[in-house]
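All remarks here apply to the structure that follows.
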Amino acid sequence: MLNKTVLFFRYPLMRHSPLMGIKNRNYALTGKTNISSDSEIDLMRSRLIYQSRKRGILENCIIFTSFADKYLKTFNCDQLQKYDALINSKFDEWDLYAWSIGSKPAPQEFDNDIMKLLKDHVQKRS
């Protein structure tokens, strides 16, 4: 049944893209993936912008929407993957909020340039 639903995608790029396979998607993946074209990176960027707007709590909606609007257009593939791993991690929304405002230290796996940029963004907005 799942294989037949792939045929409903309008563009051939989407059929075989590693970014579209939600069932097989490992959101904690921070290493290199097989992203081969600019259109796949644009697709990933669009998905991340949408996911930044639709968070579980209003505080994160505000923080991640403004962050995505300001920075995601300038991120390279590696930075997009780090941001993807952050917002789609196994941790809940309150942990993301606590890390972004600096009231709780982020785990080692997320203590990177993206988290530092997010914290700076939140500090400048408050």
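Ordered as shown in the structure tokens, chains take letters A, B, and onward, while each chain numbers its residues from 1 and ligands are numbered from 1 in the order shown.
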Next on the checklist: List as number ranges by chain the protein and nucleic acid residues near A:Ser52, meaning an atom at most 9 Å away when only C-alpha atoms are counted, but skip any in the same chain fewer than 6 places from it.
Outcome noted: A: 60-68, 87
Checklist entry - If you count only C-alpha atoms, which residues fall within 12 Å of stretch 110-125 of chain A, apart from same-chain ones fewer than 6 positions away, as a ChimeraX atom specification? => result /A:28-30,59-60,62-72,75-76,78-91,95-104
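The interatomic distance for the pair atom CA of A:Asp92 and atom CA of A:Arg47 works out to 19.2 Å.
Across the model, the gap from atom CA of A:Ala106 to atom CA of A:Leu48 is 20.2 Å.
Across the structure, atom CA of A:Gln51 and atom CA of A:Cys77 are spaced 16.9 Å apart.
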